[in-house]
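Shown below: target02.pdb, with PDB, C-alpha atoms.
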```
ATOM      1  CA  MET A   1    -107.741 107.275 102.916
ATOM      2  CA  ILE A   2    -105.662 109.455 105.253
ATOM      3  CA  LEU A   3    -104.486 112.625 103.531
ATOM      4  CA  LYS A   4    -102.873 115.470 105.505
ATOM      5  CA  HIS A   5    -105.667 115.812 108.037
ATOM      6  CA  GLU A   6    -103.952 118.373 110.230
ATOM      7  CA  PHE A   7    -103.240 120.577 107.215
ATOM      8  CA  ALA A   8    -106.791 120.236 105.952
ATOM      9  CA  MET A   9    -108.250 121.241 109.306
ATOM     10  CA  ALA A  10    -105.835 124.158 109.712
ATOM     11  CA  ALA A  11    -106.644 125.375 106.221
ATOM     12  CA  ALA A  12    -110.378 125.307 106.917
ATOM     13  CA  VAL A  13    -109.964 127.233 110.157
ATOM     14  CA  ALA A  14    -107.550 129.730 108.573
ATOM     15  CA  LEU A  15    -110.003 130.356 105.759
ATOM     16  CA  ALA A  16    -112.684 131.127 108.314
ATOM     17  CA  PHE A  17    -110.477 133.777 109.944
ATOM     18  CA  VAL A  18    -109.465 135.313 106.639
ATOM     19  CA  THR A  19    -113.036 135.633 105.421
ATOM     20  CA  GLY A  20    -114.613 136.300 108.796
ATOM     21  CA  GLY A  21    -115.108 139.979 108.002
ATOM     22  CA  CYS A  22    -116.716 139.355 104.615
ATOM     23  CA  ASP A  23    -120.473 139.483 104.835
ATOM     24  CA  GLY A  24    -122.215 136.484 103.300
ATOM     25  CA  VAL A  25    -119.122 134.298 102.913
ATOM     26  CA  PHE A  26    -119.608 132.309 106.128
ATOM     27  CA  ASP A  27    -122.768 132.488 108.206
ATOM     28  CA  TYR A  28    -120.880 130.823 111.071
ATOM     29  CA  HIS A  29    -117.721 128.858 111.806
ATOM     30  CA  PRO A  30    -117.228 125.929 109.383
ATOM     31  CA  TYR A  31    -117.207 123.501 112.317
ATOM     32  CA  ASP A  32    -120.375 124.900 113.889
ATOM     33  CA  VAL A  33    -122.823 121.980 113.785
ATOM     34  CA  ARG A  34    -125.914 124.081 113.076
ATOM     35  CA  PHE A  35    -127.615 123.190 109.814
ATOM     36  CA  GLY A  36    -131.090 123.021 108.367
ATOM     37  CA  GLY A  37    -132.879 120.332 106.449
ATOM     38  CA  GLN A  38    -133.116 116.607 106.921
ATOM     39  CA  THR A  39    -131.736 114.849 109.998
ATOM     40  CA  GLY A  40    -131.923 111.224 111.152
ATOM     41  CA  ILE A  41    -131.397 110.071 107.575
ATOM     42  CA  ASN A  42    -130.349 106.504 108.376
ATOM     43  CA  ALA A  43    -133.366 105.740 110.565
ATOM     44  CA  THR A  44    -135.734 107.148 107.944
ATOM     45  CA  ALA A  45    -133.997 105.207 105.174
ATOM     46  CA  ILE A  46    -134.088 101.947 107.142
ATOM     47  CA  GLY A  47    -137.831 102.351 107.566
ATOM     48  CA  ARG A  48    -138.232 102.932 103.830
ATOM     49  CA  ILE A  49    -135.988  99.964 102.982
ATOM     50  CA  GLY A  50    -138.127  97.702 105.161
ATOM     51  CA  ALA A  51    -141.307  98.931 103.503
ATOM     52  CA  LEU A  52    -139.943  98.582  99.969
ATOM     53  CA  CYS A  53    -138.034  95.312 100.342
ATOM     54  CA  GLY A  54    -139.713  93.464 103.195
ATOM     55  CA  GLY A  55    -141.371  90.879 100.970
ATOM     56  CA  LYS A  56    -138.385  90.242  98.720
ATOM     57  CA  ASP A  57    -136.092  87.244  98.765
ATOM     58  CA  THR A  58    -133.601  88.813  96.343
ATOM     59  CA  LEU A  59    -131.888  92.131  97.098
ATOM     60  CA  ARG A  60    -129.797  94.369  94.885
ATOM     61  CA  VAL A  61    -127.604  96.740  96.858
ATOM     62  CA  ALA A  62    -125.313  99.435  95.467
ATOM     63  CA  PHE A  63    -122.244 100.021  97.638
ATOM     64  CA  VAL A  64    -120.569 103.401  97.120
ATOM     65  CA  SER A  65    -117.820 105.129  99.073
ATOM     66  CA  ASP A  66    -115.487 108.078  99.549
ATOM     67  CA  SER A  67    -117.379 110.831  97.767
ATOM     68  CA  HIS A  68    -115.379 113.507  99.629
ATOM     69  CA  GLY A  69    -115.519 116.787  97.684
ATOM     70  CA  TRP A  70    -116.246 115.156  94.354
ATOM     71  CA  TYR A  71    -119.740 116.559  94.009
ATOM     72  CA  THR A  72    -119.909 116.363  90.220
ATOM     73  CA  GLU A  73    -118.797 112.741  90.161
ATOM     74  CA  THR A  74    -121.146 111.877  93.013
ATOM     75  CA  GLY A  75    -123.993 113.528  91.123
ATOM     76  CA  ASP A  76    -123.124 111.475  88.052
ATOM     77  CA  MET A  77    -123.109 108.323  90.224
ATOM     78  CA  VAL A  78    -126.553 109.201  91.598
ATOM     79  CA  ASP A  79    -127.819 109.708  88.046
ATOM     80  CA  ASP A  80    -126.327 106.375  86.969
ATOM     81  CA  ILE A  81    -127.944 104.446  89.840
ATOM     82  CA  ASN A  82    -131.269 106.076  89.055
ATOM     83  CA  ARG A  83    -130.993 105.488  85.320
ATOM     84  CA  ARG A  84    -130.143 101.805  85.630
ATOM     85  CA  GLY A  85    -132.934 101.276  88.160
ATOM     86  CA  ARG A  86    -131.442  98.048  89.473
ATOM     87  CA  ALA A  87    -130.617  98.855  93.104
ATOM     88  CA  ASP A  88    -133.151  98.405  95.898
ATOM     89  CA  PHE A  89    -131.105 100.671  98.152
ATOM     90  CA  VAL A  90    -127.637 102.201  98.523
ATOM     91  CA  VAL A  91    -125.022 101.848 101.275
ATOM     92  CA  HIS A  92    -122.473 104.675 101.404
ATOM     93  CA  LEU A  93    -119.383 103.337 103.183
ATOM     94  CA  GLY A  94    -118.160 106.661 104.557
ATOM     95  CA  ASP A  95    -115.995 109.698 103.878
ATOM     96  CA  LEU A  96    -118.886 111.856 102.802
ATOM     97  CA  THR A  97    -116.625 114.854 103.442
ATOM     98  CA  ASP A  98    -113.003 115.837 103.081
ATOM     99  CA  CYS A  99    -112.509 118.033 106.149
ATOM    100  CA  GLY A 100    -115.587 117.179 108.213
ATOM    101  CA  THR A 101    -117.087 120.674 107.895
ATOM    102  CA  THR A 102    -120.807 121.164 108.265
ATOM    103  CA  LYS A 103    -121.180 122.685 104.796
ATOM    104  CA  GLU A 104    -119.559 119.606 103.244
ATOM    105  CA  PHE A 105    -122.050 117.350 104.973
ATOM    106  CA  VAL A 106    -124.925 119.523 103.757
ATOM    107  CA  TRP A 107    -123.634 119.715 100.190
ATOM    108  CA  GLN A 108    -123.087 115.954 100.023
ATOM    109  CA  ARG A 109    -126.476 115.269 101.599
ATOM    110  CA  ASP A 110    -128.128 117.454  98.971
ATOM    111  CA  VAL A 111    -126.440 115.523  96.147
ATOM    112  CA  LEU A 112    -127.322 112.113  97.598
ATOM    113  CA  ALA A 113    -130.898 113.257  98.155
ATOM    114  CA  GLY A 114    -131.300 112.873  94.385
ATOM    115  CA  LEU A 115    -131.220 109.086  94.702
ATOM    116  CA  GLY A 116    -134.468 107.448  93.696
ATOM    117  CA  VAL A 117    -133.983 104.726  96.338
ATOM    118  CA  PRO A 118    -133.200 104.958 100.075
ATOM    119  CA  TYR A 119    -129.587 105.182 101.227
ATOM    120  CA  VAL A 120    -127.751 104.835 104.515
ATOM    121  CA  ALA A 121    -124.304 106.275 105.183
ATOM    122  CA  LEU A 122    -121.501 105.086 107.445
ATOM    123  CA  LEU A 123    -119.023 107.309 109.254
ATOM    124  CA  GLY A 124    -115.640 107.656 107.532
ATOM    125  CA  ASN A 125    -112.351 108.839 108.997
ATOM    126  CA  HIS A 126    -112.537 112.198 107.182
ATOM    127  CA  ASP A 127    -116.031 112.643 108.607
ATOM    128  CA  CYS A 128    -114.531 112.546 112.121
ATOM    129  CA  LEU A 129    -112.398 115.676 111.628
ATOM    130  CA  GLY A 130    -113.241 118.751 113.679
ATOM    131  CA  THR A 131    -116.846 118.459 114.845
ATOM    132  CA  GLY A 132    -117.710 116.137 111.971
ATOM    133  CA  GLU A 133    -118.757 113.231 114.163
ATOM    134  CA  GLU A 134    -121.340 115.422 115.914
ATOM    135  CA  THR A 135    -122.660 116.670 112.579
ATOM    136  CA  TYR A 136    -122.798 113.107 111.251
ATOM    137  CA  SER A 137    -124.655 111.996 114.383
ATOM    138  CA  ARG A 138    -127.329 114.662 113.929
ATOM    139  CA  MET A 139    -127.618 114.223 110.177
ATOM    140  CA  TYR A 140    -127.377 110.412 109.943
ATOM    141  CA  GLY A 141    -127.380 108.763 113.362
ATOM    142  CA  GLU A 142    -125.169 106.441 115.410
ATOM    143  CA  GLY A 143    -121.743 105.371 114.161
ATOM    144  CA  ASN A 144    -122.654 101.703 114.699
ATOM    145  CA  PHE A 145    -126.024 100.571 113.407
ATOM    146  CA  SER A 146    -127.736  97.616 111.783
ATOM    147  CA  PHE A 147    -130.895  96.738 109.908
ATOM    148  CA  ILE A 148    -132.547  93.570 108.633
ATOM    149  CA  VAL A 149    -134.174  93.043 105.258
ATOM    150  CA  ALA A 150    -134.973  89.810 103.406
ATOM    151  CA  ARG A 151    -133.579  87.892 106.408
ATOM    152  CA  ILE A 152    -130.158  89.509 105.931
ATOM    153  CA  LYS A 153    -128.737  91.653 108.724
ATOM    154  CA  PHE A 154    -126.526  94.492 107.494
ATOM    155  CA  VAL A 155    -124.157  95.372 110.334
ATOM    156  CA  CYS A 156    -122.562  98.801 109.788
ATOM    157  CA  LEU A 157    -119.498  99.504 111.939
ATOM    158  CA  ASN A 158    -117.356 102.481 112.876
ATOM    159  CA  THR A 159    -113.806 101.190 112.328
ATOM    160  CA  ASN A 160    -112.006 104.568 112.278
ATOM    161  CA  ALA A 161    -109.616 103.891 115.156
ATOM    162  CA  THR A 162    -106.860 106.354 114.235
ATOM    163  CA  GLU A 163    -109.164 109.360 114.460
ATOM    164  CA  TYR A 164    -109.881 108.449 118.092
ATOM    165  CA  ASP A 165    -106.203 107.923 118.980
ATOM    166  CA  TYR A 166    -107.111 104.283 119.684
ATOM    167  CA  VAL A 167    -108.917 105.373 122.872
ATOM    168  CA  ALA A 168    -112.505 104.691 121.801
ATOM    169  CA  ALA A 169    -113.711 101.147 121.163
ATOM    170  CA  ASN A 170    -113.477 101.137 117.378
ATOM    171  CA  PRO A 171    -114.381  98.513 116.385
ATOM    172  CA  ASP A 172    -116.789  98.075 119.270
ATOM    173  CA  PHE A 173    -116.736  94.391 120.158
ATOM    174  CA  ASN A 174    -119.527  94.762 122.705
ATOM    175  CA  TYR A 175    -121.776  96.138 119.995
ATOM    176  CA  MET A 176    -120.776  93.361 117.594
ATOM    177  CA  GLU A 177    -121.429  90.659 120.192
ATOM    178  CA  GLY A 178    -124.861  92.093 120.888
ATOM    179  CA  GLN A 179    -125.679  91.996 117.183
ATOM    180  CA  TRP A 180    -125.015  88.237 116.997
ATOM    181  CA  THR A 181    -128.318  87.585 118.730
ATOM    182  CA  ALA A 182    -130.346  90.814 118.525
ATOM    183  CA  ASP A 183    -133.554  90.066 116.577
ATOM    184  CA  SER A 184    -132.170  86.591 115.891
ATOM    185  CA  ALA A 185    -135.545  85.246 114.759
ATOM    186  CA  LEU A 186    -135.573  87.738 111.879
ATOM    187  CA  PHE A 187    -132.275  86.924 110.141
ATOM    188  CA  ASP A 188    -130.090  83.993 109.256
ATOM    189  CA  ARG A 189    -127.456  85.716 107.086
ATOM    190  CA  THR A 190    -125.173  88.696 107.702
ATOM    191  CA  VAL A 191    -123.244  91.282 105.684
ATOM    192  CA  VAL A 192    -120.730  93.413 107.592
ATOM    193  CA  CYS A 193    -120.063  96.932 106.283
ATOM    194  CA  MET A 194    -117.276  99.276 107.409
ATOM    195  CA  HIS A 195    -115.234 102.207 106.204
ATOM    196  CA  ALA A 196    -111.706 100.974 106.965
ATOM    197  CA  ALA A 197    -110.857  97.282 106.664
ATOM    198  CA  PRO A 198    -108.474  95.309 108.879
ATOM    199  CA  TYR A 199    -104.794  95.954 108.149
ATOM    200  CA  SER A 200    -105.504  99.347 106.607
ATOM    201  CA  ASP A 201    -103.812 102.451 107.991
ATOM    202  CA  GLN A 202    -107.001 103.545 109.795
ATOM    203  CA  PHE A 203    -107.929 100.250 111.485
ATOM    204  CA  ASN A 204    -106.738  99.326 114.980
ATOM    205  CA  ASN A 205    -104.616  96.439 113.796
ATOM    206  CA  ASN A 206    -103.745  95.448 117.358
ATOM    207  CA  VAL A 207    -107.213  93.862 117.418
ATOM    208  CA  ALA A 208    -107.406  92.616 113.828
ATOM    209  CA  LYS A 209    -107.448  88.954 114.842
ATOM    210  CA  PRO A 210    -110.151  89.414 117.495
ATOM    211  CA  PHE A 211    -112.127  91.301 114.858
ATOM    212  CA  GLU A 212    -111.904  88.238 112.616
ATOM    213  CA  TYR A 213    -113.304  86.139 115.455
ATOM    214  CA  TYR A 214    -116.208  88.485 116.171
ATOM    215  CA  VAL A 215    -117.128  88.723 112.489
ATOM    216  CA  SER A 216    -117.029  84.936 112.145
ATOM    217  CA  LYS A 217    -119.661  84.577 114.883
ATOM    218  CA  PHE A 218    -122.381  86.373 112.928
ATOM    219  CA  PRO A 219    -125.047  83.925 111.725
ATOM    220  CA  GLY A 220    -124.576  83.020 108.073
ATOM    221  CA  ILE A 221    -121.835  85.595 107.496
ATOM    222  CA  MET A 222    -121.735  86.163 103.726
ATOM    223  CA  CYS A 223    -119.108  88.839 103.112
ATOM    224  CA  CYS A 224    -117.668  92.154 104.287
ATOM    225  CA  VAL A 225    -117.677  95.382 102.279
ATOM    226  CA  TYR A 226    -115.512  98.456 102.930
ATOM    227  CA  GLY A 227    -114.198 101.695 101.424
ATOM    228  CA  HIS A 228    -111.330 104.004 102.439
ATOM    229  CA  ASP A 229    -108.594 102.750 100.095
ATOM    230  CA  HIS A 230    -109.854 104.513  96.934
ATOM    231  CA  ARG A 231    -109.492 101.370  94.873
ATOM    232  CA  LEU A 232    -111.379  98.241  93.940
ATOM    233  CA  SER A 233    -110.315  95.062  95.659
ATOM    234  CA  ALA A 234    -111.527  91.602  96.586
ATOM    235  CA  GLY A 235    -109.670  89.267  98.887
ATOM    236  CA  ASP A 236    -109.762  86.775 101.729
ATOM    237  CA  ILE A 237    -107.917  89.007 104.214
ATOM    238  CA  PHE A 238    -107.597  86.433 107.001
ATOM    239  CA  GLY A 239    -107.408  83.292 104.888
ATOM    240  CA  ASP A 240    -110.544  81.953 106.573
ATOM    241  CA  GLY A 241    -112.731  81.842 103.462
ATOM    242  CA  LEU A 242    -114.578  85.108 104.144
ATOM    243  CA  MET A 243    -114.283  87.640 101.324
ATOM    244  CA  TYR A 244    -113.722  91.365 101.868
ATOM    245  CA  TYR A 245    -114.676  93.678  98.988
ATOM    246  CA  GLY A 246    -113.212  97.155  98.634
ATOM    247  CA  VAL A 247    -115.269  99.871  96.935
ATOM    248  CA  ASP A 248    -113.554 102.608  94.911
ATOM    249  CA  CYS A 249    -113.940 106.354  95.472
ATOM    250  CA  ALA A 250    -116.398 108.483  93.514
ATOM    251  CA  ALA A 251    -113.575 110.219  91.651
ATOM    252  CA  ASN A 252    -112.696 106.927  89.939
ATOM    253  CA  ARG A 253    -116.293 106.657  88.769
ATOM    254  CA  SER A 254    -117.331 103.172  89.844
ATOM    255  CA  TYR A 255    -119.334 101.379  92.516
ATOM    256  CA  LEU A 256    -120.231  97.766  93.366
ATOM    257  CA  LEU A 257    -123.676  96.288  92.793
ATOM    258  CA  PHE A 258    -124.389  93.164  94.855
ATOM    259  CA  THR A 259    -127.245  90.754  94.236
ATOM    260  CA  PHE A 260    -128.153  88.706  97.325
ATOM    261  CA  THR A 261    -130.334  85.648  96.772
ATOM    262  CA  PRO A 262    -131.417  82.818  99.101
ATOM    263  CA  ASP A 263    -128.583  80.750  97.605
ATOM    264  CA  GLY A 264    -125.750  83.268  97.947
ATOM    265  CA  TYR A 265    -124.596  86.432  96.245
ATOM    266  CA  GLU A 266    -122.807  87.818  93.232
ATOM    267  CA  TYR A 267    -121.447  91.252  92.472
ATOM    268  CA  GLU A 268    -120.400  93.413  89.590
ATOM    269  CA  VAL A 269    -118.322  96.545  89.128
ATOM    270  CA  VAL A 270    -120.454  99.330  87.637
ATOM    271  CA  SER A 271    -118.611 102.136  85.862
ATOM    272  CA  PHE A 272    -120.304 105.421  85.140
TER     273      PHE A 272
END
```
Can I see the file as structure tokens?
Amino acid sequence: MILKHEFAMAAAVALAFVTGGCDGVFDYHPYDVRFGGQTGINATAIGRIGALCGGKDTLRVAFVSDSHGWYTETGDMVDDINRRGRADFVVHLGDLTDCGTTKEFVWQRDVLAGLGVPYVALLGNHDCLGTGEETYSRMYGEGNFSFIVARIKFVCLNTNATEYDYVAANPDFNYMEGQWTADSALFDRTVVCMHAAPYSDQFNNNVAKPFEYYVSKFPGIMCCVYGHDHRLSAGDIFGDGLMYYGVDCAANRSYLLFTFTPDGYEYEVVSF
């Protein structure tokens, strides 16, 4: 959800100047992309997901989103997913951070590292602020990515058009077209994941109808799942029979748990 991005960025930079002379407060500028610890999280997680779920025909996937600066609530969500023990893996739909600072990425990564199952994370619009996209790229990977498990391809898209002033190809139709047939022998169903859904304030709504077309071309398209709006929702956005499910923010203490079977899917709202 777009808050006052310019104010948030200015505040972060101003704080750096104010505290710049205080030893131990900041080791470097908040938008410096240097950090230690794990990188390439999505690629590692996808490998683990394949190893853990490769022989399954039923998948249980927890979709979470918009954890921002809500570290306590995110920690409680991690504990809840672990305690219930029902999810095979987790998809975070973006907005890991509030202002895109490197420390926020590190803090959120350290909380999510407590998950007992693998997780992948998409790029959210808040994660694009400052040098956030570069930090995300090092920590997680490409903004568009996909993986296949149990013959379902999960296509994860960067749909944050506003943060790129509509210059970059978000959504990237060339990438989507390539995913229709890439590894086609390995999947016959598709789930599309994104941060901002069509007709939201962040999506490039000049291309909403072409987006509908490109999504419809995925083999066995089952549903789309998104975040950004900080509320639960379920609706047929284009009136074409394809359902789009909105996942709430961590502060509202819920997530969606999907069960995908060879015959279809069902979902439930999990409160924690």
- Task: Tell me which residues the PyMOL selection byres ((chain A and resi 45-62) around 10) grabs here, as a VMD selection string.
- Result: chain A and resid 40 to 44 63 to 64 81 86 to 92 117 to 121 140 146 to 152 255 to 270
Output file for the selection above: C-alpha atoms, as a PDB file, keeping the file's coordinate frame:
```pdb
ATOM      1  CA  GLY A  40    -131.923 111.224 111.152  1.00  0.00           C
ATOM      2  CA  ILE A  41    -131.397 110.071 107.575  1.00  0.00           C
ATOM      3  CA  ASN A  42    -130.349 106.504 108.376  1.00  0.00           C
ATOM      4  CA  ALA A  43    -133.366 105.740 110.565  1.00  0.00           C
ATOM      5  CA  THR A  44    -135.734 107.148 107.944  1.00  0.00           C
ATOM      6  CA  PHE A  63    -122.244 100.021  97.638  1.00  0.00           C
ATOM      7  CA  VAL A  64    -120.569 103.401  97.120  1.00  0.00           C
ATOM      8  CA  ILE A  81    -127.944 104.446  89.840  1.00  0.00           C
ATOM      9  CA  ARG A  86    -131.442  98.048  89.473  1.00  0.00           C
ATOM     10  CA  ALA A  87    -130.617  98.855  93.104  1.00  0.00           C
ATOM     11  CA  ASP A  88    -133.151  98.405  95.898  1.00  0.00           C
ATOM     12  CA  PHE A  89    -131.105 100.671  98.152  1.00  0.00           C
ATOM     13  CA  VAL A  90    -127.637 102.201  98.523  1.00  0.00           C
ATOM     14  CA  VAL A  91    -125.022 101.848 101.275  1.00  0.00           C
ATOM     15  CA  HIS A  92    -122.473 104.675 101.404  1.00  0.00           C
ATOM     16  CA  VAL A 117    -133.983 104.726  96.338  1.00  0.00           C
ATOM     17  CA  PRO A 118    -133.200 104.958 100.075  1.00  0.00           C
ATOM     18  CA  TYR A 119    -129.587 105.182 101.227  1.00  0.00           C
ATOM     19  CA  VAL A 120    -127.751 104.835 104.515  1.00  0.00           C
ATOM     20  CA  ALA A 121    -124.304 106.275 105.183  1.00  0.00           C
ATOM     21  CA  TYR A 140    -127.377 110.412 109.943  1.00  0.00           C
ATOM     22  CA  SER A 146    -127.736  97.616 111.783  1.00  0.00           C
ATOM     23  CA  PHE A 147    -130.895  96.738 109.908  1.00  0.00           C
ATOM     24  CA  ILE A 148    -132.547  93.570 108.633  1.00  0.00           C
ATOM     25  CA  VAL A 149    -134.174  93.043 105.258  1.00  0.00           C
ATOM     26  CA  ALA A 150    -134.973  89.810 103.406  1.00  0.00           C
ATOM     27  CA  ARG A 151    -133.579  87.892 106.408  1.00  0.00           C
ATOM     28  CA  ILE A 152    -130.158  89.509 105.931  1.00  0.00           C
ATOM     29  CA  TYR A 255    -119.334 101.379  92.516  1.00  0.00           C
ATOM     30  CA  LEU A 256    -120.231  97.766  93.366  1.00  0.00           C
ATOM     31  CA  LEU A 257    -123.676  96.288  92.793  1.00  0.00           C
ATOM     32  CA  PHE A 258    -124.389  93.164  94.855  1.00  0.00           C
ATOM     33  CA  THR A 259    -127.245  90.754  94.236  1.00  0.00           C
ATOM     34  CA  PHE A 260    -128.153  88.706  97.325  1.00  0.00           C
ATOM     35  CA  THR A 261    -130.334  85.648  96.772  1.00  0.00           C
ATOM     36  CA  PRO A 262    -131.417  82.818  99.101  1.00  0.00           C
ATOM     37  CA  ASP A 263    -128.583  80.750  97.605  1.00  0.00           C
ATOM     38  CA  GLY A 264    -125.750  83.268  97.947  1.00  0.00           C
ATOM     39  CA  TYR A 265    -124.596  86.432  96.245  1.00  0.00           C
ATOM     40  CA  GLU A 266    -122.807  87.818  93.232  1.00  0.00           C
ATOM     41  CA  TYR A 267    -121.447  91.252  92.472  1.00  0.00           C
ATOM     42  CA  GLU A 268    -120.400  93.413  89.590  1.00  0.00           C
ATOM     43  CA  VAL A 269    -118.322  96.545  89.128  1.00  0.00           C
ATOM     44  CA  VAL A 270    -120.454  99.330  87.637  1.00  0.00           C
TER      45      VAL A 270
END
```
- Task: Rank nothing, just name the residue among A:Tyr31, A:Trp70, A:Tyr244, A:Phe238 nearest to Met222 in chain A, using only C-alpha atoms.
- Result: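 Ranking A:Tyr31, A:Trp70, A:Tyr244, A:Phe238 by distance to Met222 in chain A, first place goes to A:Tyr244.
Here CA of Asp66 in chain A stands at a distance of 7.2 Å from CA of His230 in chain A.
The coordinates place CA of His68 in chain A at 21.7 Å from CA of Phe145 in chain A.
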- the PyMOL selection byres ((chain A and resi 170) around 7) resolved against shown file, as a PyMOL selection string: chain A and resi 158-161+168-169+171-172
- Resolved residues for the PyMOL selection byres ((chain A and resi 203) around 9) as a PyMOL selection string: chain A and resi 159-162+170-171+196-202+204-208
- Query: Nearest to Gly94 in chain A: which of A:Ser254, A:Thr190, A:Ser67, A:Gln38 is it, counting all atoms listed in the file?
  - Reply: A:Ser67
- One-decimal distance in Å that lies between CA of Phe173 in chain A and CA of Cys156 in chain A: 12.7 Å
- Query: Which is closest to Leu157 in chain A among A:Gly37, A:Gly69, A:Gly114, A:Gly227, if we use all atoms listed in the file?
  - Reply: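 Smallest distance to Leu157 in chain A is found for A:Gly227.
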